[in-house]
Amino acid sequence: MTTTTVTTTVPTAARVVDAVKVYGTGDTSVRALDGVSVDFPVGRFTAIMGPSGSGKSTLMHCAAGLDTLTSGTAHIGDTELSSLDDRRLTLLRRDRVGFVFQAFNLVPTLTVAENITLPLDLAGGKGDREWIDALIDVVGLRDRLHHRPGELSGGQQQRVAVARAFAGQPDVVFADEPTGNLDSRSGEEVLGLLGRTVRQTSRTVVMVTHDPVAAAHADEVVFLADGRLVDRMAAPTADKVLDRMKAFEVPS
Ligand SMILES: Nc1ncnc2c1ncn2[C@@H]1O[C@H](COP(=O)(O)OP(=O)(O)OP(=O)(O)O)[C@@H](O)[C@H]1O
């Protein structure tokens with residue numbers, strides 16, 4: 001009798017391989033990433049954690065094509081980013097990547113509805129109206145569609161930013177400290193929303209955070225220290241993440 005081993009591999013929405021990023025030259029150079037290989041699977045919510053200066057933002061920026069690696073490769077789906085010229089990289093960021101930043105970055109003169117569809121309007125397309133309609137319900141903003149950002153709470157504004165990030169059905173949404181400007185209750189709402197959007201729509205989120213409570217909303221946490229990937233934790237809880245972070249503080 002023969003046995004067949006079936007291995008199922010989850011496709012990756014984004015990944016970096018042997019990523020090195022050096023800022024500056026000579027004595028003052030900083031090795032912000034020192035040989036990181038990490039993949040962000042499709043349909044998962046991954047948090048990146050680590051002490052201040054460990055390379056979290058650098059990793060996110062390089063993985064998202066906002067910055068370039070010194071060596072190694074960064075991929076969105078099957079596309080290797082360094083193979084793209086500036087124009088194609090801009091199109092890839094526009095069409096296949098969504099962003100949520102700490103500062104909500106909404107356009108104050110546009111309504112909620114207009115802010116959500118802004119990237120699609122700038123791209124000259126209409127997007128998938130059914131998807132956007134469903135998204136408005138996921139983020140709970142149907143009764144605010146004609147309001148302007150200034151008429152919304154911080155948490156509501158970040159929910160608009162989340163809807164905008166997902167509007168074009170990107171391969172991956174990168175969120176950089178998305179709850180950094182929010183009180184804990186609004187932060188919880190936005191994190192719950194990110195988690196729900198991933199689970200209900202099989203989208204992919206990669207989030208940089210300092211906060212163990214925020215990281216606990218993710219499916220998995222990857223830990224950086226001194227520009228290296230040092231650990232991964234599935235099914236995180238705030239306590240487990242906090243314990244792991246405390247270990248970084250122990251002098252070696
Ligand atoms: N543009 C830059 N020029 C020079 N050094 C930089 C630059 N950006 C980041 N660095 C350095 O690279 C290292 C990693 O920085 P990075 O911002 O990626 O870390 P981080 O983990 O996101 O930090 P934090 O949690 O404090 O935001 C740090 O030593 C930082 O000082």
# chains A, B, ... in the order shown; residues from 1 in each chain; ligands from 1
$ select_by_dssp --residues "region 111-158 of chain A" --states "alpha helix (DSSP H)" --output "list of chain:residue names"
A:Val112, A:Ala113, A:Glu114, A:Asn115, A:Ile116, A:Thr117, A:Leu118, A:Pro119, A:Leu120, A:Asp121, A:Leu122, A:Arg129, A:Glu130, A:Trp131, A:Ile132, A:Asp133, A:Ala134, A:Leu135, A:Ile136, A:Asp137, A:Val138, A:Gly154, A:Gly155, A:Gln156, A:Gln157, A:Gln158
$ closest_atom_pairs --of "chain A" --to "ligand 1" --cutoff "6 Å" --atoms "only C-alpha atoms and all ligand atoms" --output "tab-separated table"
residue	atom	partner	partner_atom_place_in_ligand_line	distance
A:Tyr23	CA	ligand 1	4 (C)	4.7
A:Val30	CA	ligand 1	5 (N)	5.8
A:Ala32	CA	ligand 1	12 (O)	4.2
A:Pro51	CA	ligand 1	21 (O)	6.0
A:Ser52	CA	ligand 1	25 (O)	3.5
A:Gly53	CA	ligand 1	19 (O)	3.5
A:Ser54	CA	ligand 1	21 (O)	3.9
A:Gly55	CA	ligand 1	18 (O)	3.2
A:Lys56	CA	ligand 1	22 (O)	3.9
A:Ser57	CA	ligand 1	22 (O)	3.7
A:Thr58	CA	ligand 1	18 (O)	3.7
$ write_last_selection --atoms "N, CA and C atoms" --output "PDB file, in the first residue's frame"
ATOM      1  N   TYR A  23      20.345  51.902   6.968  1.00  0.00           N
ATOM      2  CA  TYR A  23      20.190  53.343   6.778  1.00  0.00           C
ATOM      3  C   TYR A  23      21.553  53.990   6.933  1.00  0.00           C
ATOM      4  N   VAL A  30      22.943  52.373  10.291  1.00  0.00           N
ATOM      5  CA  VAL A  30      22.087  51.581  11.192  1.00  0.00           C
ATOM      6  C   VAL A  30      21.533  50.410  10.394  1.00  0.00           C
ATOM      7  N   ALA A  32      18.793  48.324  10.280  1.00  0.00           N
ATOM      8  CA  ALA A  32      17.440  48.261  10.853  1.00  0.00           C
ATOM      9  C   ALA A  32      16.807  46.880  10.665  1.00  0.00           C
ATOM     10  N   PRO A  51      10.531  45.635  20.643  1.00  0.00           N
ATOM     11  CA  PRO A  51      10.893  46.872  21.344  1.00  0.00           C
ATOM     12  C   PRO A  51      11.066  48.039  20.370  1.00  0.00           C
ATOM     13  N   SER A  52      11.048  49.244  20.928  1.00  0.00           N
ATOM     14  CA  SER A  52      11.273  50.435  20.116  1.00  0.00           C
ATOM     15  C   SER A  52      12.618  50.316  19.394  1.00  0.00           C
ATOM     16  N   GLY A  53      12.605  50.623  18.096  1.00  0.00           N
ATOM     17  CA  GLY A  53      13.846  50.566  17.325  1.00  0.00           C
ATOM     18  C   GLY A  53      14.189  49.181  16.807  1.00  0.00           C
ATOM     19  N   SER A  54      13.306  48.201  17.004  1.00  0.00           N
ATOM     20  CA  SER A  54      13.616  46.818  16.588  1.00  0.00           C
ATOM     21  C   SER A  54      13.431  46.596  15.085  1.00  0.00           C
ATOM     22  N   GLY A  55      12.819  47.572  14.388  1.00  0.00           N
ATOM     23  CA  GLY A  55      12.704  47.458  12.938  1.00  0.00           C
ATOM     24  C   GLY A  55      11.292  47.199  12.425  1.00  0.00           C
ATOM     25  N   LYS A  56      10.292  47.357  13.297  1.00  0.00           N
ATOM     26  CA  LYS A  56       8.906  47.049  12.911  1.00  0.00           C
ATOM     27  C   LYS A  56       8.430  47.908  11.733  1.00  0.00           C
ATOM     28  N   SER A  57       8.584  49.233  11.871  1.00  0.00           N
ATOM     29  CA  SER A  57       8.103  50.121  10.806  1.00  0.00           C
ATOM     30  C   SER A  57       8.903  49.912   9.535  1.00  0.00           C
ATOM     31  N   THR A  58      10.203  49.695   9.690  1.00  0.00           N
ATOM     32  CA  THR A  58      11.044  49.461   8.515  1.00  0.00           C
ATOM     33  C   THR A  58      10.568  48.214   7.775  1.00  0.00           C
TER      34      THR A  58
END
$ residues_around --residues "region 101-110 of chain A" --least-positions-apart "5" --cutoff "12 Å" --atoms "only C-alpha atoms" --output "VMD selection string"
chain A and resid 57 60 to 61 115 to 119 145 to 165 173 to 182 187 190 206 to 209
$ write_last_selection --atoms "C-alpha atoms" --output "PDB file, in the first residue's frame"
ATOM      1  CA  SER A  57       8.103  50.121  10.806  1.00  0.00           C
ATOM      2  CA  MET A  60       6.302  47.154   7.178  1.00  0.00           C
ATOM      3  CA  HIS A  61       7.466  49.923   4.854  1.00  0.00           C
ATOM      4  CA  ASN A 115     -13.351  59.327   1.503  1.00  0.00           C
ATOM      5  CA  ILE A 116     -14.045  55.592   1.333  1.00  0.00           C
ATOM      6  CA  THR A 117     -14.110  55.527  -2.474  1.00  0.00           C
ATOM      7  CA  LEU A 118     -11.354  58.133  -2.962  1.00  0.00           C
ATOM      8  CA  PRO A 119      -8.609  55.668  -4.001  1.00  0.00           C
ATOM      9  CA  LEU A 145     -22.055  58.403   5.005  1.00  0.00           C
ATOM     10  CA  HIS A 146     -22.827  62.075   4.350  1.00  0.00           C
ATOM     11  CA  HIS A 147     -20.936  63.436   7.338  1.00  0.00           C
ATOM     12  CA  ARG A 148     -17.486  64.986   7.072  1.00  0.00           C
ATOM     13  CA  PRO A 149     -14.527  63.649   9.090  1.00  0.00           C
ATOM     14  CA  GLY A 150     -14.642  66.679  11.454  1.00  0.00           C
ATOM     15  CA  GLU A 151     -18.129  65.586  12.542  1.00  0.00           C
ATOM     16  CA  LEU A 152     -16.928  62.129  13.599  1.00  0.00           C
ATOM     17  CA  SER A 153     -15.151  60.780  16.674  1.00  0.00           C
ATOM     18  CA  GLY A 154     -11.569  59.557  16.330  1.00  0.00           C
ATOM     19  CA  GLY A 155     -12.729  55.954  16.385  1.00  0.00           C
ATOM     20  CA  GLN A 156     -15.296  56.610  13.660  1.00  0.00           C
ATOM     21  CA  GLN A 157     -12.661  58.381  11.550  1.00  0.00           C
ATOM     22  CA  GLN A 158     -10.353  55.397  11.843  1.00  0.00           C
ATOM     23  CA  ARG A 159     -13.239  53.134  10.818  1.00  0.00           C
ATOM     24  CA  VAL A 160     -13.573  55.259   7.666  1.00  0.00           C
ATOM     25  CA  ALA A 161      -9.838  54.818   7.072  1.00  0.00           C
ATOM     26  CA  VAL A 162     -10.235  51.049   7.491  1.00  0.00           C
ATOM     27  CA  ALA A 163     -13.098  50.971   4.967  1.00  0.00           C
ATOM     28  CA  ARG A 164     -11.024  53.078   2.557  1.00  0.00           C
ATOM     29  CA  ALA A 165      -8.064  50.699   2.924  1.00  0.00           C
ATOM     30  CA  VAL A 173      -3.783  45.965   4.234  1.00  0.00           C
ATOM     31  CA  PHE A 174      -0.847  47.304   6.256  1.00  0.00           C
ATOM     32  CA  ALA A 175      -1.782  49.113   9.472  1.00  0.00           C
ATOM     33  CA  ASP A 176       0.857  51.142  11.330  1.00  0.00           C
ATOM     34  CA  GLU A 177      -0.156  51.669  14.981  1.00  0.00           C
ATOM     35  CA  PRO A 178      -3.806  52.107  13.895  1.00  0.00           C
ATOM     36  CA  THR A 179      -4.989  52.629  17.475  1.00  0.00           C
ATOM     37  CA  GLY A 180      -2.142  54.941  18.540  1.00  0.00           C
ATOM     38  CA  ASN A 181      -4.394  58.021  18.510  1.00  0.00           C
ATOM     39  CA  LEU A 182      -7.471  56.404  20.018  1.00  0.00           C
ATOM     40  CA  GLY A 187      -9.116  51.277  19.822  1.00  0.00           C
ATOM     41  CA  VAL A 190     -11.135  49.433  15.417  1.00  0.00           C
ATOM     42  CA  VAL A 206      -0.429  43.140   8.756  1.00  0.00           C
ATOM     43  CA  MET A 207      -0.351  45.491  11.747  1.00  0.00           C
ATOM     44  CA  VAL A 208       2.555  47.110  13.565  1.00  0.00           C
ATOM     45  CA  THR A 209       1.800  47.777  17.213  1.00  0.00           C
TER      46      THR A 209
END
$ closest_atom_pairs --of "region 111-135 of chain A" --to "region 72-94 of chain A" --cutoff "12 Å" --atoms "only C-alpha atoms" --output "JSON lines"
{"residue": "A:Leu118", "atom": "CA", "partner": "A:Arg94", "partner_atom": "CA", "distance": 11.1}
{"residue": "A:Pro119", "atom": "CA", "partner": "A:Arg94", "partner_atom": "CA", "distance": 7.3}
{"residue": "A:Leu120", "atom": "CA", "partner": "A:Arg94", "partner_atom": "CA", "distance": 8.7}
{"residue": "A:Asp121", "atom": "CA", "partner": "A:Arg94", "partner_atom": "CA", "distance": 11.3}
{"residue": "A:Leu122", "atom": "CA", "partner": "A:Arg94", "partner_atom": "CA", "distance": 9.4}
{"residue": "A:Ala123", "atom": "CA", "partner": "A:Arg94", "partner_atom": "CA", "distance": 7.8}
{"residue": "A:Gly124", "atom": "CA", "partner": "A:Arg94", "partner_atom": "CA", "distance": 11.5}
{"residue": "A:Gly125", "atom": "CA", "partner": "A:Arg94", "partner_atom": "CA", "distance": 11.8}
$ residues_around --residues "Asp128 (chain A)" --least-positions-apart "4" --cutoff "10 Å" --atoms "only C-alpha atoms" --output "ChimeraX atom specification"
/A:120,132-133,167-169
$ closest_residue --among "A:Arg232, A:Val112, A:Leu193, A:Ala216" --to "Arg142 (chain A)" --atoms "only C-alpha atoms"
A:Val112
$ closest_residue --among "A:Thr70, A:Ser202, A:Thr237, A:Ser186" --to "Gly24 (chain A)" --atoms "only C-alpha atoms"
A:Thr70
$ closest_residue --among "A:Val38, A:Val172, A:Ala47, A:Ala64" --to "Val241 (chain A)" --atoms "only C-alpha atoms"
A:Ala47
$ atom_distance --atom1 "CA of Met49 (chain A)" --atom2 "CA of Pro11 (chain A)"
22.6 Å
$ atom_distance --atom1 "CA of Ala247 (chain A)" --atom2 "CA of Gly35 (chain A)"
21.6 Å
$ atom_distance --atom1 "CA of Val198 (chain A)" --atom2 "CA of Arg244 (chain A)"
24.9 Å
$ decode --residues "region 117-241 of chain A" --atoms "C-alpha atoms" --output "mmCIF file, in the first residue's frame"
data_model
loop_
_atom_site.group_PDB
_atom_site.id
_atom_site.type_symbol
_atom_site.label_atom_id
_atom_site.label_comp_id
_atom_site.auth_asym_id
_atom_site.auth_seq_id
_atom_site.Cartn_x
_atom_site.Cartn_y
_atom_site.Cartn_z
ATOM 1 C CA THR A 117 -14.110 55.527 -2.474
ATOM 2 C CA LEU A 118 -11.354 58.133 -2.962
ATOM 3 C CA PRO A 119 -8.609 55.668 -4.001
ATOM 4 C CA LEU A 120 -10.976 54.063 -6.511
ATOM 5 C CA ASP A 121 -12.077 57.445 -7.853
ATOM 6 C CA LEU A 122 -8.441 58.532 -8.243
ATOM 7 C CA ALA A 123 -7.751 55.285 -10.089
ATOM 8 C CA GLY A 124 -10.603 56.138 -12.460
ATOM 9 C CA GLY A 125 -12.590 53.027 -11.588
ATOM 10 C CA LYS A 126 -15.859 52.420 -9.803
ATOM 11 C CA GLY A 127 -14.724 49.409 -7.812
ATOM 12 C CA ASP A 128 -17.105 46.685 -6.805
ATOM 13 C CA ARG A 129 -20.220 48.509 -5.522
ATOM 14 C CA GLU A 130 -21.598 45.438 -3.721
ATOM 15 C CA TRP A 131 -18.297 44.985 -1.898
ATOM 16 C CA ILE A 132 -18.181 48.633 -0.840
ATOM 17 C CA ASP A 133 -21.796 48.473 0.279
ATOM 18 C CA ALA A 134 -21.070 45.409 2.414
ATOM 19 C CA LEU A 135 -17.952 47.099 3.780
ATOM 20 C CA ILE A 136 -19.978 50.098 4.954
ATOM 21 C CA ASP A 137 -22.036 47.716 7.091
ATOM 22 C CA VAL A 138 -18.961 45.891 8.397
ATOM 23 C CA VAL A 139 -17.502 49.194 9.639
ATOM 24 C CA GLY A 140 -20.929 50.377 10.875
ATOM 25 C CA LEU A 141 -20.935 53.721 9.087
ATOM 26 C CA ARG A 142 -24.136 53.608 7.062
ATOM 27 C CA ASP A 143 -25.765 56.400 9.084
ATOM 28 C CA ARG A 144 -22.662 58.609 8.767
ATOM 29 C CA LEU A 145 -22.055 58.403 5.005
ATOM 30 C CA HIS A 146 -22.827 62.075 4.350
ATOM 31 C CA HIS A 147 -20.936 63.436 7.338
ATOM 32 C CA ARG A 148 -17.486 64.986 7.072
ATOM 33 C CA PRO A 149 -14.527 63.649 9.090
ATOM 34 C CA GLY A 150 -14.642 66.679 11.454
ATOM 35 C CA GLU A 151 -18.129 65.586 12.542
ATOM 36 C CA LEU A 152 -16.928 62.129 13.599
ATOM 37 C CA SER A 153 -15.151 60.780 16.674
ATOM 38 C CA GLY A 154 -11.569 59.557 16.330
ATOM 39 C CA GLY A 155 -12.729 55.954 16.385
ATOM 40 C CA GLN A 156 -15.296 56.610 13.660
ATOM 41 C CA GLN A 157 -12.661 58.381 11.550
ATOM 42 C CA GLN A 158 -10.353 55.397 11.843
ATOM 43 C CA ARG A 159 -13.239 53.134 10.818
ATOM 44 C CA VAL A 160 -13.573 55.259 7.666
ATOM 45 C CA ALA A 161 -9.838 54.818 7.072
ATOM 46 C CA VAL A 162 -10.235 51.049 7.491
ATOM 47 C CA ALA A 163 -13.098 50.971 4.967
ATOM 48 C CA ARG A 164 -11.024 53.078 2.557
ATOM 49 C CA ALA A 165 -8.064 50.699 2.924
ATOM 50 C CA PHE A 166 -10.243 47.713 1.994
ATOM 51 C CA ALA A 167 -12.351 49.463 -0.687
ATOM 52 C CA GLY A 168 -10.276 48.315 -3.638
ATOM 53 C CA GLN A 169 -10.167 44.688 -2.380
ATOM 54 C CA PRO A 170 -6.388 44.811 -1.899
ATOM 55 C CA ASP A 171 -4.251 41.692 -1.462
ATOM 56 C CA VAL A 172 -3.081 43.058 1.885
ATOM 57 C CA VAL A 173 -3.783 45.965 4.234
ATOM 58 C CA PHE A 174 -0.847 47.304 6.256
ATOM 59 C CA ALA A 175 -1.782 49.113 9.472
ATOM 60 C CA ASP A 176 0.857 51.142 11.330
ATOM 61 C CA GLU A 177 -0.156 51.669 14.981
ATOM 62 C CA PRO A 178 -3.806 52.107 13.895
ATOM 63 C CA THR A 179 -4.989 52.629 17.475
ATOM 64 C CA GLY A 180 -2.142 54.941 18.540
ATOM 65 C CA ASN A 181 -4.394 58.021 18.510
ATOM 66 C CA LEU A 182 -7.471 56.404 20.018
ATOM 67 C CA ASP A 183 -8.759 55.893 23.548
ATOM 68 C CA SER A 184 -8.883 52.261 24.605
ATOM 69 C CA ARG A 185 -12.584 51.764 23.836
ATOM 70 C CA SER A 186 -12.348 53.205 20.294
ATOM 71 C CA GLY A 187 -9.116 51.277 19.822
ATOM 72 C CA GLU A 188 -10.869 48.027 20.745
ATOM 73 C CA GLU A 189 -13.616 48.827 18.218
ATOM 74 C CA VAL A 190 -11.135 49.433 15.417
ATOM 75 C CA LEU A 191 -9.168 46.276 16.266
ATOM 76 C CA GLY A 192 -12.366 44.224 16.434
ATOM 77 C CA LEU A 193 -13.266 45.666 13.062
ATOM 78 C CA LEU A 194 -9.912 44.732 11.526
ATOM 79 C CA GLY A 195 -10.301 41.185 12.883
ATOM 80 C CA ARG A 196 -13.890 40.904 11.619
ATOM 81 C CA THR A 197 -12.975 42.193 8.180
ATOM 82 C CA VAL A 198 -10.216 39.599 7.900
ATOM 83 C CA ARG A 199 -12.500 36.764 9.053
ATOM 84 C CA GLN A 200 -15.651 37.758 7.163
ATOM 85 C CA THR A 201 -13.966 38.657 3.898
ATOM 86 C CA SER A 202 -10.807 36.472 3.899
ATOM 87 C CA ARG A 203 -8.654 39.574 3.532
ATOM 88 C CA THR A 204 -5.130 39.935 4.934
ATOM 89 C CA VAL A 205 -3.958 42.468 7.515
ATOM 90 C CA VAL A 206 -0.429 43.140 8.756
ATOM 91 C CA MET A 207 -0.351 45.491 11.747
ATOM 92 C CA VAL A 208 2.555 47.110 13.565
ATOM 93 C CA THR A 209 1.800 47.777 17.213
ATOM 94 C CA HIS A 210 3.430 48.437 20.583
ATOM 95 C CA ASP A 211 0.370 47.283 22.445
ATOM 96 C CA PRO A 212 -0.034 43.649 23.650
ATOM 97 C CA VAL A 213 -3.821 44.153 23.892
ATOM 98 C CA ALA A 214 -3.893 45.221 20.234
ATOM 99 C CA ALA A 215 -1.644 42.336 19.193
ATOM 100 C CA ALA A 216 -4.021 39.891 20.912
ATOM 101 C CA HIS A 217 -6.625 40.672 18.230
ATOM 102 C CA ALA A 218 -4.353 39.141 15.589
ATOM 103 C CA ASP A 219 -4.246 35.475 14.538
ATOM 104 C CA GLU A 220 -0.493 35.478 14.941
ATOM 105 C CA VAL A 221 2.215 37.770 16.341
ATOM 106 C CA VAL A 222 5.721 37.969 14.908
ATOM 107 C CA PHE A 223 8.378 39.416 17.216
ATOM 108 C CA LEU A 224 11.363 41.461 16.096
ATOM 109 C CA ALA A 225 14.417 42.354 18.163
ATOM 110 C CA ASP A 226 17.471 44.218 16.856
ATOM 111 C CA GLY A 227 16.297 43.865 13.264
ATOM 112 C CA ARG A 228 15.832 40.090 13.478
ATOM 113 C CA LEU A 229 12.763 37.872 13.602
ATOM 114 C CA VAL A 230 13.028 36.190 16.997
ATOM 115 C CA ASP A 231 9.670 34.485 17.543
ATOM 116 C CA ARG A 232 6.166 33.830 16.229
ATOM 117 C CA MET A 233 3.110 33.238 18.419
ATOM 118 C CA ALA A 234 -0.169 31.752 17.189
ATOM 119 C CA ALA A 235 -3.442 32.435 19.027
ATOM 120 C CA PRO A 236 -1.942 35.268 21.098
ATOM 121 C CA THR A 237 -3.443 36.625 24.297
ATOM 122 C CA ALA A 238 -2.466 39.981 25.788
ATOM 123 C CA ASP A 239 -0.850 38.237 28.779
ATOM 124 C CA LYS A 240 1.205 35.866 26.648
ATOM 125 C CA VAL A 241 2.367 38.722 24.407
#
